[in-house]
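Engineer: Dropping a structure here in structure tokens format, bear with me for questions.
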Amino acid sequence: MADQPAGIPDLIPHYIDGERVASVDGDTFGVLNPVTNEDYTVAASGKQADIDLAVAAASRAFHEGPWPRMKNRERARILSRIADIVESRDQELAQFESWDSGLPITQAKGQAQRAAENFRFFADLIVAGRDDTYKVPGTQVNYVNRKPKGVAGLITPWNTPFMLESWKLGPALASGCTVVLKPAEFTPLSASLWAGIFEEAELPRGVFNLVNGFGETAGDALVKHPDVPLISFTGESRTGQLIFGNSAPHLKALSMELGGKSPAVVFADADLDAAIDSTLFGVFSLNGERCTAGSRILVERSVYDEFVERYAARAKSIVVGDPGDPKTEVGALVHPEHFDKVMSYVEIGKEEGRLVAGGGRPEAFPEGNFVAPTVFVDVAPEARIFQEEIFGPVVCITPFDSDEEALALANNTKYGLAAYIWTNDLKRAHLFAQDVEAGMVWLNSHNVRDLRSPFGGVKASGLGHEGGYRSLDFYSDQQAVHITLGDVHTTRFGASA
Ligand code: NAD
């Protein structure tokens, strides 16, 4: 196994008002490495009191500090510096991420580079951005006065944690908000690097605050805090429902990126080689712990047997290994609790489908959270493994006979995050895209995204769409200012007597 990376602190602290601090009550929780399942350090366990301090610091920075009042160009310079620093530390970041989450190191490095790109993108966007002005000739001018909303509460999951944090931090900071980040309790390590990165980039004190801890304590306190007007959340759909309810008394602005069970639909006329490469990558990269994983593959019956045979052979050859080894394609799942959940679905799958690859712990790994890439075929749409998000290296494959049946199967879950369509028939591709219930559709590709395009799900997969200027809209108020030119024409109440 790879050595523990240098520089891991004995305590992963909170970061509040520019200081690295322990919890007010001194409480901590253990942080484990998913290859050994042994704790390698502890993190400060935040509660209401820690959230109160973090929100107070962020409020002060918002109401009294320079950040929301800076020119966009000045803020963009700092964001670009953050991007440069993240990029220059991609190796260290990847080592921390891989050690803490079990992600294969090469994929973790790609995620670190994407995190840098997120900051660079939003720096560019606020400099190039413009707002609307409307002229009513001779009568009125109307313009949009864009203002940051305030203290943003950011709650993130443990899959690709650093990248997903950047996906919220970038637009929140670019908009001029100050923030309190509550990272996932399974993976606090890489998040601990933000403080140093922001200090080096000279982000003003108090703009960024971080409180570690559990969802039910730290996360809940952030959601219910009256001085946090908006919550951006990424995580499970049922957590999203809970947060929705808890935000209701405060009528908070919510952005929710939730779970998925996305279909990859392979028609007989598709480039089968490309479809096999891409659908393998789509579900087994990032250990299958990917919200947009194409975890239900629907294949037209005339190519079904060939597809299944070739797919299973490739799945069996996927390199499962030490997350720190650059050759590893699938590493260790994040935590034994999650491992147990995924393994329970593997057992359920053995009752519901025909197992053609994997099916449990690989022999070479008697310990740690390793699951062999697992493929179930002939899976019926009522099956739990067809309907429920497994969030691991497990895929189900189902045949279809017509376009109508493919669409019905694709739409037959409560989720609607992504859909992948493989066909060389232009009309079929676009018609299918129009009717499939998914926030994002890829034609003849896995998930490769232009940062300007909308990101988000429909149905149980999310609320609202971020991406490009939509993210800036979420973190800003767009005040309308109406200016009357010349005389005001007013109906004169009380003037008739
Ligand atoms: P989770 O819902 O268990 O936890 C996510 C975060 O919410 C964590 O920080 C957790 O501490 C916090 N939390 C939990 N309960 C809370 C509460 N009551 N109040 C406030 N905060 C609370 O999700 P997870 O297991 O960490 O992540 C995996 C899930 O995330 C999967 O369902 C996956 O599909 C989803 N996800 C979605 C996207 C997307 O963009 N749609 C991206 C990545 C992950």
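Following the order of the structure tokens, chains are lettered A, B, ..., residues in each are numbered from 1, and ligands are numbered from 1.
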Given only C-alpha atoms, how would the per-residue table for stretch 319-432 of chain A near stretch 176-193 of chain A read, listing every residue at most 12 Å away with its closest atom pair and distance in Å to one decimal, sorted by chain and number, as JSON lines?
Structural biologist:
```
{"residue": "A:Leu333", "atom": "CA", "partner": "A:Phe186", "partner_atom": "CA", "distance": 11.0}
{"residue": "A:Val334", "atom": "CA", "partner": "A:Phe186", "partner_atom": "CA", "distance": 7.3}
{"residue": "A:His335", "atom": "CA", "partner": "A:Phe186", "partner_atom": "CA", "distance": 7.1}
{"residue": "A:Pro336", "atom": "CA", "partner": "A:Phe186", "partner_atom": "CA", "distance": 10.3}
{"residue": "A:Glu337", "atom": "CA", "partner": "A:Phe186", "partner_atom": "CA", "distance": 10.1}
{"residue": "A:His338", "atom": "CA", "partner": "A:Phe186", "partner_atom": "CA", "distance": 10.1}
```
Engineer: With N, CA, C and O atoms kept, could you save the residues just selected as a compact mmCIF listing (two decimals), in the first residue's frame?
Structural biologist:
```txt
# COMPACT_ATOMS: atom_id res chain seq x y z
N LEU A 333 -13.70 1.61 -1.69
CA LEU A 333 -14.84 2.48 -1.39
C LEU A 333 -14.56 3.27 -0.11
O LEU A 333 -13.79 2.84 0.75
N VAL A 334 -15.24 4.37 0.01
CA VAL A 334 -14.82 5.40 0.97
C VAL A 334 -14.80 4.94 2.43
O VAL A 334 -13.96 5.36 3.21
N HIS A 335 -15.74 4.06 2.81
CA HIS A 335 -15.94 3.81 4.25
C HIS A 335 -16.60 2.44 4.41
O HIS A 335 -17.39 2.02 3.54
N PRO A 336 -16.33 1.74 5.51
CA PRO A 336 -16.95 0.42 5.67
C PRO A 336 -18.47 0.46 5.67
O PRO A 336 -19.12 -0.48 5.19
N GLU A 337 -19.07 1.55 6.16
CA GLU A 337 -20.55 1.64 6.12
C GLU A 337 -21.04 1.63 4.67
O GLU A 337 -22.03 0.97 4.34
N HIS A 338 -20.35 2.39 3.83
CA HIS A 338 -20.75 2.44 2.43
C HIS A 338 -20.45 1.11 1.74
O HIS A 338 -21.24 0.63 0.92
```
Engineer: For chain A against ligand 1, with a cut-off of 6 Å and counting only C-alpha atoms and all ligand atoms, what is the closest atom pair and its distance in Å to one decimal for every residue that makes the cut, ordered by chain and number, as a Markdown table?
Structural biologist:
```
| residue | atom | partner | partner_atom_place_in_ligand_line | distance |
| --- | --- | --- | --- | --- |
| A:Ile155 | CA | ligand 1 | 9 (O) | 5.1 |
| A:Thr156 | CA | ligand 1 | 9 (O) | 4.6 |
| A:Pro157 | CA | ligand 1 | 26 (O) | 3.5 |
| A:Trp158 | CA | ligand 1 | 26 (O) | 4.7 |
| A:Lys182 | CA | ligand 1 | 9 (O) | 5.9 |
| A:Pro183 | CA | ligand 1 | 9 (O) | 4.8 |
| A:Ala184 | CA | ligand 1 | 9 (O) | 3.4 |
| A:Glu185 | CA | ligand 1 | 11 (O) | 5.6 |
| A:Phe214 | CA | ligand 1 | 11 (O) | 4.7 |
| A:Gly215 | CA | ligand 1 | 11 (O) | 3.2 |
| A:Glu216 | CA | ligand 1 | 18 (N) | 4.6 |
| A:Gly219 | CA | ligand 1 | 20 (C) | 3.6 |
| A:Asp220 | CA | ligand 1 | 19 (N) | 3.8 |
| A:Val223 | CA | ligand 1 | 20 (C) | 6.0 |
| A:Thr234 | CA | ligand 1 | 37 (C) | 5.2 |
| A:Gly235 | CA | ligand 1 | 30 (O) | 3.1 |
| A:Glu236 | CA | ligand 1 | 32 (O) | 3.5 |
| A:Thr239 | CA | ligand 1 | 2 (O) | 4.6 |
| A:Leu242 | CA | ligand 1 | 18 (N) | 6.0 |
| A:Ile243 | CA | ligand 1 | 19 (N) | 5.5 |
| A:Glu257 | CA | ligand 1 | 41 (N) | 3.6 |
| A:Leu258 | CA | ligand 1 | 41 (N) | 4.0 |
| A:Gly259 | CA | ligand 1 | 34 (O) | 3.2 |
| A:Gly260 | CA | ligand 1 | 34 (O) | 5.2 |
| A:Cys291 | CA | ligand 1 | 34 (O) | 3.6 |
```
Engineer: Pull N, CA and C atoms from the residues just selected and write them as a compact mmCIF listing (two decimals), in the first residue's frame.
Structural biologist:
```txt
# COMPACT_ATOMS: atom_id res chain seq x y z
N ILE A 155 -22.84 22.64 1.70
CA ILE A 155 -22.79 21.31 2.32
C ILE A 155 -22.49 20.29 1.23
N THR A 156 -21.41 19.54 1.42
CA THR A 156 -20.89 18.73 0.31
C THR A 156 -20.73 17.26 0.71
N PRO A 157 -20.72 16.36 -0.30
CA PRO A 157 -20.60 14.92 -0.04
C PRO A 157 -19.14 14.45 -0.12
N TRP A 158 -18.95 13.15 0.07
CA TRP A 158 -17.59 12.61 0.16
C TRP A 158 -17.06 12.10 -1.17
N LYS A 182 -19.40 23.09 5.06
CA LYS A 182 -19.45 21.90 5.93
C LYS A 182 -19.16 20.70 5.04
N PRO A 183 -17.88 20.25 5.04
CA PRO A 183 -17.55 19.10 4.18
C PRO A 183 -18.08 17.79 4.77
N ALA A 184 -18.06 16.74 3.95
CA ALA A 184 -18.57 15.43 4.40
C ALA A 184 -17.67 14.87 5.51
N GLU A 185 -18.30 14.23 6.47
CA GLU A 185 -17.55 13.71 7.62
C GLU A 185 -16.63 12.54 7.27
N PHE A 214 -20.63 16.19 11.66
CA PHE A 214 -21.66 15.32 11.12
C PHE A 214 -22.83 16.13 10.57
N GLY A 215 -23.57 15.49 9.68
CA GLY A 215 -24.71 16.16 9.08
C GLY A 215 -25.78 16.53 10.09
N GLU A 216 -26.03 15.61 11.01
CA GLU A 216 -27.14 15.80 11.96
C GLU A 216 -26.83 16.91 12.97
N GLY A 219 -24.13 20.12 10.09
CA GLY A 219 -24.89 20.42 8.87
C GLY A 219 -26.25 21.00 9.23
N ASP A 220 -26.91 20.36 10.18
CA ASP A 220 -28.24 20.78 10.59
C ASP A 220 -28.22 22.21 11.15
N VAL A 223 -27.97 24.64 8.29
CA VAL A 223 -29.23 24.74 7.55
C VAL A 223 -30.24 25.60 8.31
N THR A 234 -25.13 19.24 -1.95
CA THR A 234 -24.97 18.08 -2.83
C THR A 234 -24.93 16.85 -1.95
N GLY A 235 -25.77 15.88 -2.25
CA GLY A 235 -25.79 14.65 -1.45
C GLY A 235 -26.97 13.79 -1.84
N GLU A 236 -27.38 12.96 -0.93
CA GLU A 236 -28.46 12.01 -1.22
C GLU A 236 -29.81 12.70 -1.30
N THR A 239 -31.55 13.12 2.08
CA THR A 239 -30.99 14.22 2.88
C THR A 239 -31.51 15.55 2.34
N LEU A 242 -34.86 16.32 3.66
CA LEU A 242 -34.78 16.78 5.06
C LEU A 242 -34.35 18.25 5.13
N ILE A 243 -33.35 18.59 4.34
CA ILE A 243 -32.84 19.96 4.33
C ILE A 243 -33.90 20.92 3.78
N GLU A 257 -28.19 19.30 -5.59
CA GLU A 257 -27.70 18.30 -6.55
C GLU A 257 -27.79 16.97 -5.83
N LEU A 258 -28.70 16.10 -6.28
CA LEU A 258 -29.00 14.89 -5.50
C LEU A 258 -28.62 13.61 -6.25
N GLY A 259 -29.22 12.52 -5.86
CA GLY A 259 -28.79 11.22 -6.36
C GLY A 259 -29.19 10.95 -7.81
N GLY A 260 -28.75 9.80 -8.31
CA GLY A 260 -29.06 9.46 -9.69
C GLY A 260 -29.06 7.96 -9.93
N CYS A 291 -22.28 10.61 -9.04
CA CYS A 291 -23.72 10.88 -9.13
C CYS A 291 -24.24 10.64 -10.53
```
Engineer: Show which residues sit within 8 Å of A:Ile231, as a ChimeraX atom specification. Count only C-alpha atoms, and ignore same-chain residues fewer than 4 positions away.
Structural biologist: /A:152-155,223,252-255
Engineer: From stretch 156-320 of chain A, collect each residue whose DSSP state is strand (DSSP E) and return the set as a list in words.
Structural biologist: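 Taking stretch 156-320 of chain A and keeping strand (DSSP E) only, one gets Thr178, Val179, Val180, Leu181, Lys182, Phe208, Asn209, Leu210, Leu230, Ile231, Ser232, Phe233, Thr234, Ala253, Leu254, Ser255, Met256, Glu257, Pro263, Ala264, Val265, Val266, Arg296, Ile297, Leu298, Val299 and Glu300 of chain A.
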Engineer: Just write the chosen residues, N, CA and C atoms, as an mmCIF file, in the first residue's frame.
Structural biologist:
```
data_model
loop_
_atom_site.group_PDB
_atom_site.id
_atom_site.type_symbol
_atom_site.label_atom_id
_atom_site.label_comp_id
_atom_site.auth_asym_id
_atom_site.auth_seq_id
_atom_site.Cartn_x
_atom_site.Cartn_y
_atom_site.Cartn_z
ATOM 1 N N THR A 178 -19.871 35.543 1.242
ATOM 2 C CA THR A 178 -18.928 34.917 2.153
ATOM 3 C C THR A 178 -19.522 33.548 2.481
ATOM 4 N N VAL A 179 -18.697 32.620 2.967
ATOM 5 C CA VAL A 179 -19.192 31.241 3.019
ATOM 6 C C VAL A 179 -18.856 30.520 4.322
ATOM 7 N N VAL A 180 -19.705 29.533 4.622
ATOM 8 C CA VAL A 180 -19.385 28.515 5.632
ATOM 9 C C VAL A 180 -19.536 27.175 4.927
ATOM 10 N N LEU A 181 -18.426 26.449 4.855
ATOM 11 C CA LEU A 181 -18.425 25.136 4.202
ATOM 12 C C LEU A 181 -18.493 24.051 5.265
ATOM 13 N N LYS A 182 -19.400 23.089 5.060
ATOM 14 C CA LYS A 182 -19.454 21.903 5.931
ATOM 15 C C LYS A 182 -19.161 20.697 5.043
ATOM 16 N N PHE A 208 -13.936 32.996 3.984
ATOM 17 C CA PHE A 208 -14.085 31.536 3.925
ATOM 18 C C PHE A 208 -13.999 30.957 5.331
ATOM 19 N N ASN A 209 -14.992 30.180 5.685
ATOM 20 C CA ASN A 209 -14.999 29.501 6.988
ATOM 21 C C ASN A 209 -15.381 28.053 6.755
ATOM 22 N N LEU A 210 -14.818 27.185 7.575
ATOM 23 C CA LEU A 210 -15.094 25.753 7.402
ATOM 24 C C LEU A 210 -15.344 25.135 8.771
ATOM 25 N N LEU A 230 -28.914 31.258 2.165
ATOM 26 C CA LEU A 230 -28.955 30.276 1.061
ATOM 27 C C LEU A 230 -28.096 29.066 1.382
ATOM 28 N N ILE A 231 -28.587 27.925 0.926
ATOM 29 C CA ILE A 231 -27.895 26.649 1.142
ATOM 30 C C ILE A 231 -27.692 25.991 -0.215
ATOM 31 N N SER A 232 -26.437 25.667 -0.504
ATOM 32 C CA SER A 232 -26.161 24.850 -1.680
ATOM 33 C C SER A 232 -25.755 23.477 -1.177
ATOM 34 N N PHE A 233 -26.516 22.467 -1.569
ATOM 35 C CA PHE A 233 -26.324 21.123 -1.017
ATOM 36 C C PHE A 233 -26.095 20.120 -2.134
ATOM 37 N N THR A 234 -25.133 19.243 -1.953
ATOM 38 C CA THR A 234 -24.975 18.078 -2.826
ATOM 39 C C THR A 234 -24.928 16.849 -1.947
ATOM 40 N N ALA A 253 -33.048 30.204 0.029
ATOM 41 C CA ALA A 253 -32.776 29.810 -1.352
ATOM 42 C C ALA A 253 -32.035 28.479 -1.311
ATOM 43 N N LEU A 254 -32.438 27.551 -2.173
ATOM 44 C CA LEU A 254 -31.850 26.210 -2.157
ATOM 45 C C LEU A 254 -31.385 25.806 -3.541
ATOM 46 N N SER A 255 -30.203 25.232 -3.569
ATOM 47 C CA SER A 255 -29.749 24.569 -4.784
ATOM 48 C C SER A 255 -29.399 23.153 -4.378
ATOM 49 N N MET A 256 -29.978 22.167 -5.048
ATOM 50 C CA MET A 256 -29.792 20.783 -4.609
ATOM 51 C C MET A 256 -29.366 19.896 -5.756
ATOM 52 N N GLU A 257 -28.193 19.303 -5.590
ATOM 53 C CA GLU A 257 -27.700 18.303 -6.549
ATOM 54 C C GLU A 257 -27.789 16.971 -5.835
ATOM 55 N N PRO A 263 -29.569 6.235 -17.020
ATOM 56 C CA PRO A 263 -29.527 5.211 -18.064
ATOM 57 C C PRO A 263 -28.472 5.525 -19.127
ATOM 58 N N ALA A 264 -27.846 4.455 -19.620
ATOM 59 C CA ALA A 264 -27.014 4.557 -20.827
ATOM 60 C C ALA A 264 -27.698 3.646 -21.844
ATOM 61 N N VAL A 265 -28.180 4.247 -22.930
ATOM 62 C CA VAL A 265 -29.012 3.506 -23.884
ATOM 63 C C VAL A 265 -28.194 3.235 -25.141
ATOM 64 N N VAL A 266 -28.008 1.960 -25.446
ATOM 65 C CA VAL A 266 -27.166 1.599 -26.589
ATOM 66 C C VAL A 266 -28.051 0.989 -27.681
ATOM 67 N N ARG A 296 -27.444 2.081 -15.237
ATOM 68 C CA ARG A 296 -28.420 1.172 -15.871
ATOM 69 C C ARG A 296 -28.126 1.207 -17.365
ATOM 70 N N ILE A 297 -27.622 0.117 -17.894
ATOM 71 C CA ILE A 297 -27.329 0.104 -19.336
ATOM 72 C C ILE A 297 -28.463 -0.643 -20.044
ATOM 73 N N LEU A 298 -29.060 0.037 -21.008
ATOM 74 C CA LEU A 298 -30.167 -0.544 -21.776
ATOM 75 C C LEU A 298 -29.635 -0.805 -23.182
ATOM 76 N N VAL A 299 -29.763 -2.046 -23.638
ATOM 77 C CA VAL A 299 -29.122 -2.412 -24.908
ATOM 78 C C VAL A 299 -30.158 -3.036 -25.845
ATOM 79 N N GLU A 300 -30.161 -2.593 -27.104
ATOM 80 C CA GLU A 300 -31.113 -3.134 -28.084
ATOM 81 C C GLU A 300 -30.831 -4.628 -28.287
#
```
Engineer: Compile the contact shell of A:Gly468 as JSON, numbers by chain: residues with an atom at most 8 Å away, counting only C-alpha atoms, same-chain residues fewer than 6 positions apart removed.
Structural biologist: {"A": [122, 125, 451, 452, 453, 454]}
Engineer: Restricting the calculation to only C-alpha atoms: of A:Asp322, A:Leu203, A:Glu347, A:Gly439, which residue gets closest to A:Arg77?
Structural biologist: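 The closest residue to A:Arg77 is A:Leu203.
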Engineer: Counting only C-alpha atoms, which residue out of A:Asn411, A:Gln113, A:Ser80, A:Gln4 sits closest to A:Gln95?
Structural biologist: A:Gln4
Engineer: Determine the nearest neighbour of A:Val42 from the options A:Asn212, A:Gln107, A:Ser59, A:Asn159, counting only C-alpha atoms.
Structural biologist: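 Smallest distance to A:Val42 is found for A:Asn212.
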Engineer: Contacts of stretch 248-251 of chain A at 10 Å or less, counting only C-alpha atoms, minus same-chain residues fewer than 6 places along, as a ChimeraX atom specification?
Structural biologist: /A:223-230
Engineer: Write the selection just made, keeping C-alpha atoms, as a PDB file, in the first residue's frame?
Structural biologist:
```pdb
ATOM      1  CA  VAL A 223     -29.230  24.742   7.548  1.00  0.00           C
ATOM      2  CA  LYS A 224     -31.272  26.172  10.424  1.00  0.00           C
ATOM      3  CA  HIS A 225     -29.115  29.244  11.068  1.00  0.00           C
ATOM      4  CA  PRO A 226     -31.214  32.391  10.562  1.00  0.00           C
ATOM      5  CA  ASP A 227     -28.249  34.417   9.231  1.00  0.00           C
ATOM      6  CA  VAL A 228     -27.570  32.034   6.330  1.00  0.00           C
ATOM      7  CA  PRO A 229     -30.024  32.942   3.553  1.00  0.00           C
ATOM      8  CA  LEU A 230     -28.955  30.276   1.061  1.00  0.00           C
TER       9      LEU A 230
END
```
Engineer: Could you check how far atom CA of A:Tyr415 sits from atom CA of A:Ser461, in Å to one decimal?
Structural biologist: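 Atom-to-atom, atom CA of A:Tyr415 and atom CA of A:Ser461 are spaced 5.2 Å apart.
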Engineer: From the options A:Gly294, A:Gly486, A:Gly392, A:Gly359, which residue's atoms come nearest to A:Val141, counting only C-alpha atoms?
Structural biologist: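 Looking at the shortest contact to A:Val141, the residue is A:Gly486.
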Engineer: Return as a ChimeraX atom specification the full set of residues in stretch 198-362 of chain A whose backbone-based DSSP assignment is helix (DSSP H, G or I).
Structural biologist: /A:198-200,215-224,237-250,272-288,301-317,336-352
Engineer: Could you check which of A:Phe432, A:Gln111, A:His63, A:Arg89 is closest to A:Ser166, using only C-alpha atoms?
Structural biologist: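 Ranking A:Phe432, A:Gln111, A:His63, A:Arg89 by distance to A:Ser166, first place goes to A:Gln111.
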Engineer: Quick one: of A:Ala44, A:Val151, A:Val86, A:Leu431, who's nearest to A:Met163, counting only C-alpha atoms?
Structural biologist: A:Val86
Engineer: Residues near A:Pro171, anyone? I mean within 10 Å using only C-alpha atoms, not counting same-chain ones fewer than 5 positions away, as a list in words.
Structural biologist: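 Once the nearby chain positions are removed, what remains is Leu79, Asn118, Phe119, Phe121, Phe122, Ala123, Leu125, Ile126, Ser166, Gly176, Cys177, Glu466, Gly467, Gly468, Tyr469, Arg470, Ser471, Leu472, Asp473, Phe474, Tyr475 and Ser476 of chain A.
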Engineer: If you measure from atom CA of A:Ala312 to atom CA of A:Phe281, what distance in Å do you get, rounded to one decimal?
Structural biologist: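 Going from atom CA of A:Ala312 over to atom CA of A:Phe281, I get 13.2 Å.
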